[in-house]
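Novice: Right, I'll just put the structure down here and ask away after.
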Amino acid sequence: MLCWLSRLHAALSAPTGRIAHLRPSSLRRRLALSSQRRIPEFSSFVARTNTCGELRSSHLGQEVTLCGWIQYRRQNVFLVLRDSHGLIQVVIPQDESAASVKKILCEAPVESVVRVSGTVISRPPGQENPKMPTGEIEIKVKTAELLNACKKLPFEIKDFVKKTEALRLQYRYLDLRSFQMQYNLRLRSQMVMKMREYLCNLHGFVDVETPTLFKRTPGGAKEFVIPSREPGKFYCLPQSPQQFKQLLMVGGLDRYFQVARCYRDEGSRPDRQPEFTQIDIEMSFVDQTGIQSLIEGLLQYSWPSDKDPVVVPFPSMTFAEALASYGTDKPDTRFGMKIVDISNVFRNTEVGFLQDALSKPQGTVKAMCISEGAKYLKRKDIESIRKFAADHFNQEVLPIFLKANRNWNSPVAKSIMEEQRSGLTRLMEIQEDDVVLLTVGEHKKACSVLGKLRLECADLLEARGLVLRDPALFSFLWVVDFPLFLPKEENPEKLESAHHPFTAPHPSDVQLLYSEPEKVRSQHYDLVLNGNEIGGGSIRIHDAELQRYILAELLKEDVKLLSHLLQALEFGAPPHGGIALGLDRLICLVTGAPTIRDVIAFPKSFRGHDLMSNAPDSLPPEELKPYHIQVSWPADSEAEKSSLNQPYCPES
Ligand code: ASP
């Protein structure tokens with residue numbers, strides 16, 4: 001086993017790289033802090049002298065007391081003890097006088113928790129285990145105590161033993177004993193600690209807790225509702241501390257941050273949780289570049305030093321460019337395969353469906369080149385990509401294979417004129433063995449489809465052995481200049497905020513608010529890492545009139561719900577802005593965990609359930625009475641109703 005804890009510790013305690021925009025006084029303070037840093041006392045205040053993972057040859061002869069779980073036992077002679085710091089070999093005494101110690105250590109089932117005391121001795125020559133950080137030594141036990149025996153386990157506590165996620169979540173407290181979960185949660189804790197240090201100690205931020213019992217707010221995600229004892233009155237869990245952090249600015253707390261729990265009732269999505277954590281930040285008297293520099297410095301400072309250092313400043317791309325070249329507002333910039341508008345090449349085409357597409361007012365032809373695609377992708381791969389586009393987007397995609405003999409292999413190859421071929425070759429810089437995927441339609445739709453196919457193709461190419469997305473690479477990107485409003489999905493005639501209703505318009509577009517609001521750009525910025533949105537924020541509206549106009553006239557929201565905020569803006573609200581980083585997603589990417597559930601101690605299942613405790617759970621009618629609530633059971637839920645007093649059966 002790797003000495004992962006010391007690696008993790010070293011990785012996080014060493015000061016990392018440069019810090020953007022450090023003033024000399026903050027640099028002095030930072031240096032003072034780092035010189036005070038030391039390895040924590042892992043055995044203070046507890047009934048052990050050392051951890052299982054820390055003992056080495058330098059401890060030879062020391063009398064130690066260790067506590068841990070029995071990992072395994074060999075021939076009733078050796079026992080390997082584990083705690084969250086590592087493994088150590090314990091020699092079970094064989095002589096008559098130590099019969100009681102032997103009995104305890106030989107009879108206790110695996111994963112029982114024991115305390116042993118004894119001497120650190122070296123292993124006999126030839127019996128060292130170079131794979132174990134403690135492999136040169138062992139413990140000659142004198143006393144042993146069974147602290148708690150372990151019953152038959154639902155699964156073995158070994159990372160390589162495969163188990164379903166449902167079983168892991170049902171017995172989460174056992175799953176947490178795994179190396180991977182220990183690593184993920186400890187790395188998370190260390191990164192958050194460094195973030196606090198950076199924000200509070202180096203940049204004067206104030207950590208303020210905001211309420212989790214709040215009320216419904218207009219716009220944004222669906223909220224969880226909490227009944228109150230007043231008839232017909234409900235709290236809501238906040239989807240984020242957005243309003244509170246803005247009110248803190250009005251209150252003169254000009255640099256706020258919080259490790260904030262947020263709640264969104266958005267149903268099941270693979271990379272979401274109904275409750276999740278944000279590093280939530282707000283500052284007064286700041287502009288977009290100020291927030292961006294702060295976040296770049298924060299990530300650079302808290303980044304584990306065993307990963308490639310974070311290079312700042314992060315590149316930036318407008319929303320329009322991200323959509324046009326990558327078909328999404330969160331481009332994965334670790335690889336190319338950009339989308340190209342090839343409409344002009346085909347203006348005089350004889351290919352019927354291209355002609356059709358270009359004759360429409362918003363018609364475009366878009367293409368994407370899969371470099372060396374003909375070498376790696378089989379026909380059936382391309383067919384599956386085309387089917388994906390047809391099934392999910394009702395969109396036709398045409399492949400063109402470029403052969404060495406310059407013969408184009410495609411259903412439309414014959415109808416593509418020589419001048420169009422050379423135009424396309426020049427524009428897309430295509431070479432032999434490339435595959436071009438071509439589609440038509442309105443700009444946004446055609447780009448979005450190719451954006452999705454770009455990721456599908458990357459998966460396929462990687463499945464065939466090509467490395468497109470280096471797992472050690474962290475590619476940060478700011479996406480800026482979003483539109484302030486987007487057409488509502490369910491009713492495109494109406495507008496909704498692209499970020500949230502408190503986002504300020506771009507200063508040069510303010511006049512458009514009153515004539516063509518859909519054209520207004522905003523001061524909203526998103527932070528993207530390897531194709532995942534890991535943060536977003538904006539400069540806020542601090543003018544009550546403008547805020548009222550946007551809410552009432554453009555978004556058609558009930559301004560009464562926000563009267564407290566509108567009023568606050570009238571009492572000398574400073575200009576302000578902020579951002580929130582999605583901590584779970586960030587840690588998931590840093591650790592390379594397959595899902596965000598692997599970086600959360602007690603996550604909900606895909607369907608939003610806690611499989612360990614069976615939340616959400618039913619309540620008997622008498623317990624609902626004080627809340628003036630009655631359940632109206634759906635017709636087909638007789639079973640659920642009668643399960644009120646049934647034993648719990650977890651999701652499979
Ligand atoms: N509160 C916003 C969100 O949760 C972030 C921000 O604008 O600061 O997305």
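Ligands are numbered from 1 in the order shown, chains are lettered A, B, ... in the order of the structure tokens, and residues start at 1 in each chain.
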Tell me which protein, DNA and RNA residues are within 12 Å of Ala472 of chain A, counting only C-alpha atoms, leaving out same-chain ones fewer than 6 positions away, and put them as a PyMOL selection string.
Specialist: chain A and resi 306-310+334+530+589-592
Novice: Let's have the selection written as a short mmCIF file (atom, residue, chain, number, x, y, z; two decimals), in the first residue's frame, with all heavy atoms.
Specialist:
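Done, and the output landed in part-v4.cif:
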```cif
data_model
loop_
_atom_site.label_atom_id
_atom_site.label_comp_id
_atom_site.auth_asym_id
_atom_site.auth_seq_id
_atom_site.Cartn_x
_atom_site.Cartn_y
_atom_site.Cartn_z
N ASP A 306 1.19 17.77 -5.69
CA ASP A 306 1.62 16.60 -6.48
C ASP A 306 0.95 16.58 -7.85
O ASP A 306 1.19 15.71 -8.65
CB ASP A 306 1.36 15.28 -5.72
CG ASP A 306 -0.11 15.04 -5.44
OD1 ASP A 306 -0.91 16.00 -5.52
OD2 ASP A 306 -0.47 13.89 -5.15
N LYS A 307 0.10 17.56 -8.11
CA LYS A 307 -0.48 17.69 -9.46
C LYS A 307 0.30 18.79 -10.18
O LYS A 307 0.95 19.61 -9.53
CB LYS A 307 -1.95 18.12 -9.38
CG LYS A 307 -2.76 17.35 -8.38
CD LYS A 307 -3.72 16.39 -9.04
CE LYS A 307 -4.47 15.54 -8.07
NZ LYS A 307 -4.02 14.18 -7.94
N ASP A 308 0.19 18.81 -11.51
CA ASP A 308 0.84 19.89 -12.26
C ASP A 308 0.32 21.22 -11.74
O ASP A 308 -0.88 21.38 -11.52
CB ASP A 308 0.52 19.76 -13.75
CG ASP A 308 1.34 18.64 -14.38
OD1 ASP A 308 2.27 18.15 -13.72
OD2 ASP A 308 1.02 18.24 -15.51
N PRO A 309 1.23 22.20 -11.55
CA PRO A 309 0.76 23.47 -10.98
C PRO A 309 -0.26 24.17 -11.87
O PRO A 309 -0.24 24.01 -13.09
CB PRO A 309 2.03 24.30 -10.85
CG PRO A 309 3.12 23.52 -11.46
CD PRO A 309 2.64 22.17 -11.84
N VAL A 310 -1.12 24.92 -11.22
CA VAL A 310 -2.14 25.68 -11.95
C VAL A 310 -1.46 26.91 -12.57
O VAL A 310 -0.78 27.66 -11.87
CB VAL A 310 -3.24 26.12 -10.96
CG1 VAL A 310 -4.18 27.12 -11.58
CG2 VAL A 310 -3.99 24.91 -10.44
N ARG A 334 -9.18 20.49 -23.78
CA ARG A 334 -8.00 19.63 -23.79
C ARG A 334 -7.73 19.07 -25.18
O ARG A 334 -6.68 18.51 -25.43
CB ARG A 334 -8.18 18.47 -22.79
CG ARG A 334 -8.02 18.89 -21.36
CD ARG A 334 -8.36 17.75 -20.44
NE ARG A 334 -9.74 17.32 -20.58
CZ ARG A 334 -10.27 16.28 -19.96
NH1 ARG A 334 -9.52 15.55 -19.17
NH2 ARG A 334 -11.54 15.96 -20.12
N ASN A 530 -11.90 21.24 -17.76
CA ASN A 530 -11.99 20.00 -18.55
C ASN A 530 -13.42 19.72 -19.03
O ASN A 530 -13.91 18.60 -18.94
CB ASN A 530 -11.48 18.80 -17.75
CG ASN A 530 -10.00 18.91 -17.44
OD1 ASN A 530 -9.32 19.80 -17.94
ND2 ASN A 530 -9.50 18.01 -16.62
N LEU A 589 -13.06 16.32 -9.91
CA LEU A 589 -12.11 16.41 -11.03
C LEU A 589 -10.67 16.29 -10.53
O LEU A 589 -9.84 15.65 -11.16
CB LEU A 589 -12.31 17.73 -11.78
CG LEU A 589 -13.63 17.81 -12.55
CD1 LEU A 589 -13.91 19.22 -13.00
CD2 LEU A 589 -13.62 16.87 -13.75
N VAL A 590 -10.38 16.90 -9.38
CA VAL A 590 -9.00 16.85 -8.86
C VAL A 590 -8.63 15.41 -8.50
O VAL A 590 -7.52 14.96 -8.79
CB VAL A 590 -8.85 17.77 -7.63
CG1 VAL A 590 -7.47 17.61 -7.01
CG2 VAL A 590 -9.06 19.22 -8.01
N THR A 591 -9.57 14.69 -7.87
CA THR A 591 -9.24 13.31 -7.45
C THR A 591 -9.42 12.31 -8.58
O THR A 591 -9.01 11.16 -8.44
CB THR A 591 -10.16 12.85 -6.29
OG1 THR A 591 -11.52 13.00 -6.73
CG2 THR A 591 -9.95 13.65 -5.03
N GLY A 592 -10.06 12.72 -9.67
CA GLY A 592 -10.33 11.79 -10.77
C GLY A 592 -11.41 10.78 -10.39
O GLY A 592 -11.51 9.71 -10.99
#
```
Novice: Applying 9 Å and only C-alpha atoms, which residues near segment 132-146 of chain A remain after dropping the ones on its own chain fewer than 4 positions away? List them as a ChimeraX atom specification.
Specialist: /A:1-3,52-57,59-60,64,86-93,98,100-102,104-105,108,112-124,127-128
Novice: From the list A:His500, A:Lys330, A:Lys414, A:Arg48, which residue is nearest ligand 1 when using only C-alpha atoms and all ligand atoms?
Specialist: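 The shortest atom-to-atom distance to ligand 1 comes from A:His500.
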Novice: Dump the neighbourhood of ligand 1 as an MDAnalysis selection string: all residues within 6 Å, distances computed on only C-alpha atoms and all ligand atoms.
Specialist: chainID A and resid 240 242 536:538 578:580
Novice: Which neighbours of segment 459-464 of chain A fall inside 8 Å, counting only C-alpha atoms, when residues of the same chain fewer than 2 positions from it are skipped, and could you give them as a PyMOL selection string?
Specialist: chain A and resi 373+376-377+381+455-457+466-468
Novice: Just all heavy atoms for this one: save the residues we selected as a PDB file, in the first residue's frame.
Specialist:
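So part.pdb came out as:
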```pdb
ATOM      1  N   GLY A 373      -9.449   9.974 -38.096  1.00  0.00           N
ATOM      2  CA  GLY A 373     -10.656   9.208 -37.759  1.00  0.00           C
ATOM      3  C   GLY A 373     -10.773   7.926 -38.569  1.00  0.00           C
ATOM      4  O   GLY A 373     -11.248   6.912 -38.060  1.00  0.00           O
ATOM      5  N   TYR A 376      -8.920   5.106 -36.908  1.00  0.00           N
ATOM      6  CA  TYR A 376      -9.358   4.593 -35.603  1.00  0.00           C
ATOM      7  C   TYR A 376     -10.825   4.194 -35.556  1.00  0.00           C
ATOM      8  O   TYR A 376     -11.203   3.342 -34.763  1.00  0.00           O
ATOM      9  CB  TYR A 376      -9.098   5.651 -34.516  1.00  0.00           C
ATOM     10  CG  TYR A 376      -7.641   5.807 -34.213  1.00  0.00           C
ATOM     11  CD1 TYR A 376      -6.869   6.764 -34.863  1.00  0.00           C
ATOM     12  CD2 TYR A 376      -7.019   4.972 -33.288  1.00  0.00           C
ATOM     13  CE1 TYR A 376      -5.522   6.903 -34.606  1.00  0.00           C
ATOM     14  CE2 TYR A 376      -5.677   5.101 -33.016  1.00  0.00           C
ATOM     15  CZ  TYR A 376      -4.927   6.074 -33.672  1.00  0.00           C
ATOM     16  OH  TYR A 376      -3.597   6.200 -33.408  1.00  0.00           O
ATOM     17  N   LEU A 377     -11.653   4.855 -36.351  1.00  0.00           N
ATOM     18  CA  LEU A 377     -13.087   4.585 -36.232  1.00  0.00           C
ATOM     19  C   LEU A 377     -13.545   3.621 -37.315  1.00  0.00           C
ATOM     20  O   LEU A 377     -13.168   3.762 -38.481  1.00  0.00           O
ATOM     21  CB  LEU A 377     -13.884   5.898 -36.332  1.00  0.00           C
ATOM     22  CG  LEU A 377     -13.592   6.926 -35.240  1.00  0.00           C
ATOM     23  CD1 LEU A 377     -14.435   8.174 -35.450  1.00  0.00           C
ATOM     24  CD2 LEU A 377     -13.862   6.344 -33.858  1.00  0.00           C
ATOM     25  N   ASP A 381     -18.870   2.550 -35.958  1.00  0.00           N
ATOM     26  CA  ASP A 381     -18.759   3.672 -35.006  1.00  0.00           C
ATOM     27  C   ASP A 381     -19.453   4.902 -35.577  1.00  0.00           C
ATOM     28  O   ASP A 381     -20.214   5.595 -34.895  1.00  0.00           O
ATOM     29  CB  ASP A 381     -17.288   4.028 -34.743  1.00  0.00           C
ATOM     30  CG  ASP A 381     -16.557   2.909 -34.023  1.00  0.00           C
ATOM     31  OD1 ASP A 381     -17.207   2.199 -33.250  1.00  0.00           O
ATOM     32  OD2 ASP A 381     -15.337   2.762 -34.240  1.00  0.00           O
ATOM     33  N   LEU A 455     -17.864  15.123 -28.242  1.00  0.00           N
ATOM     34  CA  LEU A 455     -17.549  14.370 -27.021  1.00  0.00           C
ATOM     35  C   LEU A 455     -17.753  12.869 -27.230  1.00  0.00           C
ATOM     36  O   LEU A 455     -16.970  12.051 -26.748  1.00  0.00           O
ATOM     37  CB  LEU A 455     -18.407  14.869 -25.851  1.00  0.00           C
ATOM     38  CG  LEU A 455     -18.179  16.339 -25.477  1.00  0.00           C
ATOM     39  CD1 LEU A 455     -19.114  16.755 -24.352  1.00  0.00           C
ATOM     40  CD2 LEU A 455     -16.728  16.599 -25.059  1.00  0.00           C
ATOM     41  N   GLU A 456     -18.809  12.518 -27.989  1.00  0.00           N
ATOM     42  CA  GLU A 456     -19.036  11.091 -28.302  1.00  0.00           C
ATOM     43  C   GLU A 456     -17.835  10.528 -29.057  1.00  0.00           C
ATOM     44  O   GLU A 456     -17.366   9.432 -28.773  1.00  0.00           O
ATOM     45  CB  GLU A 456     -20.279  10.935 -29.201  1.00  0.00           C
ATOM     46  CG  GLU A 456     -21.585  11.153 -28.493  1.00  0.00           C
ATOM     47  CD  GLU A 456     -21.928  10.008 -27.557  1.00  0.00           C
ATOM     48  OE1 GLU A 456     -21.914   8.859 -28.006  1.00  0.00           O
ATOM     49  OE2 GLU A 456     -22.187  10.287 -26.368  1.00  0.00           O
ATOM     50  N   CYS A 457     -17.353  11.305 -30.053  1.00  0.00           N
ATOM     51  CA  CYS A 457     -16.210  10.850 -30.870  1.00  0.00           C
ATOM     52  C   CYS A 457     -14.973  10.695 -29.986  1.00  0.00           C
ATOM     53  O   CYS A 457     -14.201   9.752 -30.149  1.00  0.00           O
ATOM     54  CB  CYS A 457     -15.893  11.840 -31.979  1.00  0.00           C
ATOM     55  SG  CYS A 457     -17.130  11.843 -33.246  1.00  0.00           S
ATOM     56  N   LEU A 466      -6.611   5.918 -28.565  1.00  0.00           N
ATOM     57  CA  LEU A 466      -5.999   7.236 -28.768  1.00  0.00           C
ATOM     58  C   LEU A 466      -6.179   8.061 -27.487  1.00  0.00           C
ATOM     59  O   LEU A 466      -7.259   8.023 -26.900  1.00  0.00           O
ATOM     60  CB  LEU A 466      -6.743   7.924 -29.920  1.00  0.00           C
ATOM     61  CG  LEU A 466      -6.003   8.978 -30.705  1.00  0.00           C
ATOM     62  CD1 LEU A 466      -4.896   8.314 -31.517  1.00  0.00           C
ATOM     63  CD2 LEU A 466      -6.965   9.691 -31.653  1.00  0.00           C
ATOM     64  N   VAL A 467      -5.125   8.759 -27.042  1.00  0.00           N
ATOM     65  CA  VAL A 467      -5.308   9.587 -25.839  1.00  0.00           C
ATOM     66  C   VAL A 467      -5.582  11.029 -26.266  1.00  0.00           C
ATOM     67  O   VAL A 467      -4.710  11.713 -26.802  1.00  0.00           O
ATOM     68  CB  VAL A 467      -4.078   9.536 -24.907  1.00  0.00           C
ATOM     69  CG1 VAL A 467      -4.304  10.411 -23.677  1.00  0.00           C
ATOM     70  CG2 VAL A 467      -3.806   8.103 -24.489  1.00  0.00           C
ATOM     71  N   LEU A 468      -6.800  11.479 -26.077  1.00  0.00           N
ATOM     72  CA  LEU A 468      -7.162  12.847 -26.459  1.00  0.00           C
ATOM     73  C   LEU A 468      -7.162  13.758 -25.242  1.00  0.00           C
ATOM     74  O   LEU A 468      -6.816  14.918 -25.313  1.00  0.00           O
ATOM     75  CB  LEU A 468      -8.570  12.871 -27.034  1.00  0.00           C
ATOM     76  CG  LEU A 468      -8.775  12.419 -28.466  1.00  0.00           C
ATOM     77  CD1 LEU A 468     -10.220  12.608 -28.849  1.00  0.00           C
ATOM     78  CD2 LEU A 468      -7.904  13.230 -29.400  1.00  0.00           C
TER      79      LEU A 468
END
```
Novice: In Å, how far is it from atom CA of Met283 of chain A to atom CA of His576 of chain A?
Specialist: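 Atom-to-atom, atom CA of Met283 of chain A to atom CA of His576 of chain A, that is 5.6 Å.
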Novice: Pick from A:Glu533, A:Asp617, A:Glu230, A:Asp83: nearest to Phe179 of chain A, with only C-alpha atoms counted?
Specialist: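 Checking each of A:Glu533, A:Asp617, A:Glu230, A:Asp83 against Phe179 of chain A, counting only C-alpha atoms, the winner is A:Asp83.
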Novice: Could you tell me which of A:Ala568, A:Val351, A:Val340, A:Leu486 comes closest to Leu248 of chain A if we count only C-alpha atoms?
Specialist: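 Answer, going by the shortest atom-to-atom distance: A:Ala568.
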Novice: Residues at most 8 Å from Cys447 of chain A, counting only C-alpha atoms, excluding those fewer than 5 positions away in the same chain, as a PDB file with C-alpha atoms, in the first residue's frame?
Specialist:
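Dumped everything to result-v3.pdb:
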```pdb
ATOM      1  CA  LEU A 323     -20.959  27.865 -28.875  1.00  0.00           C
ATOM      2  CA  ALA A 324     -19.643  28.351 -32.422  1.00  0.00           C
ATOM      3  CA  SER A 325     -16.429  26.336 -31.984  1.00  0.00           C
ATOM      4  CA  TYR A 326     -17.388  23.750 -29.347  1.00  0.00           C
ATOM      5  CA  GLY A 327     -21.192  23.677 -29.461  1.00  0.00           C
ATOM      6  CA  THR A 328     -21.486  24.269 -25.696  1.00  0.00           C
ATOM      7  CA  ILE A 339     -16.705  23.066 -35.253  1.00  0.00           C
ATOM      8  CA  LYS A 366     -21.311  23.067 -40.056  1.00  0.00           C
TER       9      LYS A 366
END
```
Novice: Within 10 Å of Ile226 of chain A, counting only C-alpha atoms, which residues show up once you throw out same-chain ones fewer than 3 positions away? Write them as a list in words, please.
Specialist: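 Selected residues are Leu213, Phe214, Lys215, Glu223, Lys233, Phe234, Tyr235, Cys236, Leu237 and Tyr627 of chain A.
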Novice: Enumerate, as a PyMOL selection string, the complete set of residues in segment 423-486 of chain A that a backbone-based DSSP assignment places in strand (DSSP E).
Specialist: chain A and resi 435-442+476-480+485-486
Novice: Write the residues of the selection above to a file with all heavy atoms, as a short mmCIF file (atom, residue, chain, number, x, y, z; two decimals), in the first residue's frame.
Specialist:
```cif
data_model
loop_
_atom_site.label_atom_id
_atom_site.label_comp_id
_atom_site.auth_asym_id
_atom_site.auth_seq_id
_atom_site.Cartn_x
_atom_site.Cartn_y
_atom_site.Cartn_z
N VAL A 435 -11.73 12.07 -40.93
CA VAL A 435 -13.16 11.92 -41.22
C VAL A 435 -13.82 13.27 -40.91
O VAL A 435 -13.54 13.87 -39.88
CB VAL A 435 -13.81 10.82 -40.34
CG1 VAL A 435 -15.32 10.78 -40.55
CG2 VAL A 435 -13.21 9.46 -40.64
N VAL A 436 -14.66 13.72 -41.84
CA VAL A 436 -15.39 14.97 -41.60
C VAL A 436 -16.85 14.62 -41.33
O VAL A 436 -17.44 13.83 -42.06
CB VAL A 436 -15.27 15.92 -42.81
CG1 VAL A 436 -16.17 17.12 -42.64
CG2 VAL A 436 -13.83 16.36 -43.00
N LEU A 437 -17.39 15.21 -40.25
CA LEU A 437 -18.82 15.05 -40.00
C LEU A 437 -19.50 16.37 -40.33
O LEU A 437 -19.05 17.43 -39.88
CB LEU A 437 -19.08 14.70 -38.53
CG LEU A 437 -18.56 13.36 -38.01
CD1 LEU A 437 -18.94 13.17 -36.56
CD2 LEU A 437 -19.09 12.20 -38.85
N LEU A 438 -20.55 16.28 -41.08
CA LEU A 438 -21.17 17.50 -41.60
C LEU A 438 -22.66 17.51 -41.21
O LEU A 438 -23.32 16.47 -41.26
CB LEU A 438 -20.98 17.39 -43.10
CG LEU A 438 -21.26 18.48 -44.06
CD1 LEU A 438 -20.29 18.34 -45.22
CD2 LEU A 438 -22.65 18.37 -44.53
N THR A 439 -23.14 18.64 -40.81
CA THR A 439 -24.58 18.72 -40.51
C THR A 439 -25.12 20.09 -40.92
O THR A 439 -24.33 21.01 -41.18
CB THR A 439 -24.87 18.41 -39.03
OG1 THR A 439 -26.26 18.10 -38.90
CG2 THR A 439 -24.55 19.57 -38.11
N VAL A 440 -26.43 20.22 -40.98
CA VAL A 440 -27.02 21.49 -41.42
C VAL A 440 -28.06 21.94 -40.41
O VAL A 440 -28.51 21.14 -39.59
CB VAL A 440 -27.70 21.34 -42.80
CG1 VAL A 440 -26.71 20.93 -43.87
CG2 VAL A 440 -28.87 20.36 -42.72
N GLY A 441 -28.42 23.21 -40.50
CA GLY A 441 -29.50 23.70 -39.65
C GLY A 441 -29.20 25.08 -39.10
O GLY A 441 -28.19 25.70 -39.45
N GLU A 442 -30.06 25.51 -38.22
CA GLU A 442 -29.90 26.83 -37.60
C GLU A 442 -28.62 26.78 -36.72
O GLU A 442 -28.29 25.73 -36.16
CB GLU A 442 -31.19 27.09 -36.82
CG GLU A 442 -31.27 28.31 -35.97
CD GLU A 442 -30.84 28.04 -34.55
OE1 GLU A 442 -31.19 26.96 -34.01
OE2 GLU A 442 -30.12 28.90 -34.02
N PHE A 476 -8.28 24.88 -17.46
CA PHE A 476 -9.25 25.87 -16.96
C PHE A 476 -9.60 26.84 -18.08
O PHE A 476 -8.75 27.16 -18.92
CB PHE A 476 -8.65 26.67 -15.80
CG PHE A 476 -8.54 25.89 -14.52
CD1 PHE A 476 -7.34 25.31 -14.15
CD2 PHE A 476 -9.64 25.78 -13.67
CE1 PHE A 476 -7.24 24.60 -12.96
CE2 PHE A 476 -9.53 25.07 -12.47
CZ PHE A 476 -8.34 24.49 -12.12
N LEU A 477 -10.80 27.35 -18.03
CA LEU A 477 -11.24 28.32 -19.05
C LEU A 477 -12.33 29.21 -18.47
O LEU A 477 -13.27 28.72 -17.85
CB LEU A 477 -11.80 27.55 -20.26
CG LEU A 477 -12.42 28.39 -21.37
CD1 LEU A 477 -11.33 29.06 -22.21
CD2 LEU A 477 -13.30 27.53 -22.28
N TRP A 478 -12.19 30.52 -18.67
CA TRP A 478 -13.31 31.43 -18.34
C TRP A 478 -14.20 31.55 -19.56
O TRP A 478 -13.70 31.75 -20.67
CB TRP A 478 -12.78 32.83 -18.00
CG TRP A 478 -12.07 32.93 -16.69
CD1 TRP A 478 -10.75 33.13 -16.50
CD2 TRP A 478 -12.66 32.87 -15.38
NE1 TRP A 478 -10.46 33.18 -15.15
CE2 TRP A 478 -11.62 33.02 -14.44
CE3 TRP A 478 -13.97 32.69 -14.90
CZ2 TRP A 478 -11.84 33.01 -13.06
CZ3 TRP A 478 -14.18 32.68 -13.53
CH2 TRP A 478 -13.13 32.83 -12.63
N VAL A 479 -15.49 31.43 -19.37
CA VAL A 479 -16.42 31.74 -20.46
C VAL A 479 -17.13 33.04 -20.05
O VAL A 479 -17.64 33.14 -18.93
CB VAL A 479 -17.41 30.59 -20.72
CG1 VAL A 479 -18.40 30.95 -21.81
CG2 VAL A 479 -16.65 29.33 -21.10
N VAL A 480 -17.08 34.03 -20.94
CA VAL A 480 -17.58 35.36 -20.59
C VAL A 480 -18.55 35.87 -21.66
O VAL A 480 -18.74 35.23 -22.69
CB VAL A 480 -16.40 36.37 -20.44
CG1 VAL A 480 -15.46 35.93 -19.32
CG2 VAL A 480 -15.62 36.50 -21.74
N PHE A 485 -30.22 37.32 -21.06
CA PHE A 485 -31.45 36.51 -21.06
C PHE A 485 -31.39 35.44 -22.14
O PHE A 485 -30.72 35.61 -23.16
CB PHE A 485 -32.68 37.39 -21.36
CG PHE A 485 -32.80 38.57 -20.46
CD1 PHE A 485 -32.58 39.85 -20.94
CD2 PHE A 485 -33.14 38.41 -19.12
CE1 PHE A 485 -32.70 40.95 -20.11
CE2 PHE A 485 -33.26 39.50 -18.29
CZ PHE A 485 -33.03 40.79 -18.78
N LEU A 486 -32.13 34.38 -21.90
CA LEU A 486 -32.33 33.34 -22.91
C LEU A 486 -33.82 33.13 -23.07
O LEU A 486 -34.59 33.39 -22.13
CB LEU A 486 -31.69 32.02 -22.45
CG LEU A 486 -30.17 31.99 -22.36
CD1 LEU A 486 -29.71 30.71 -21.67
CD2 LEU A 486 -29.55 32.08 -23.76
#
```
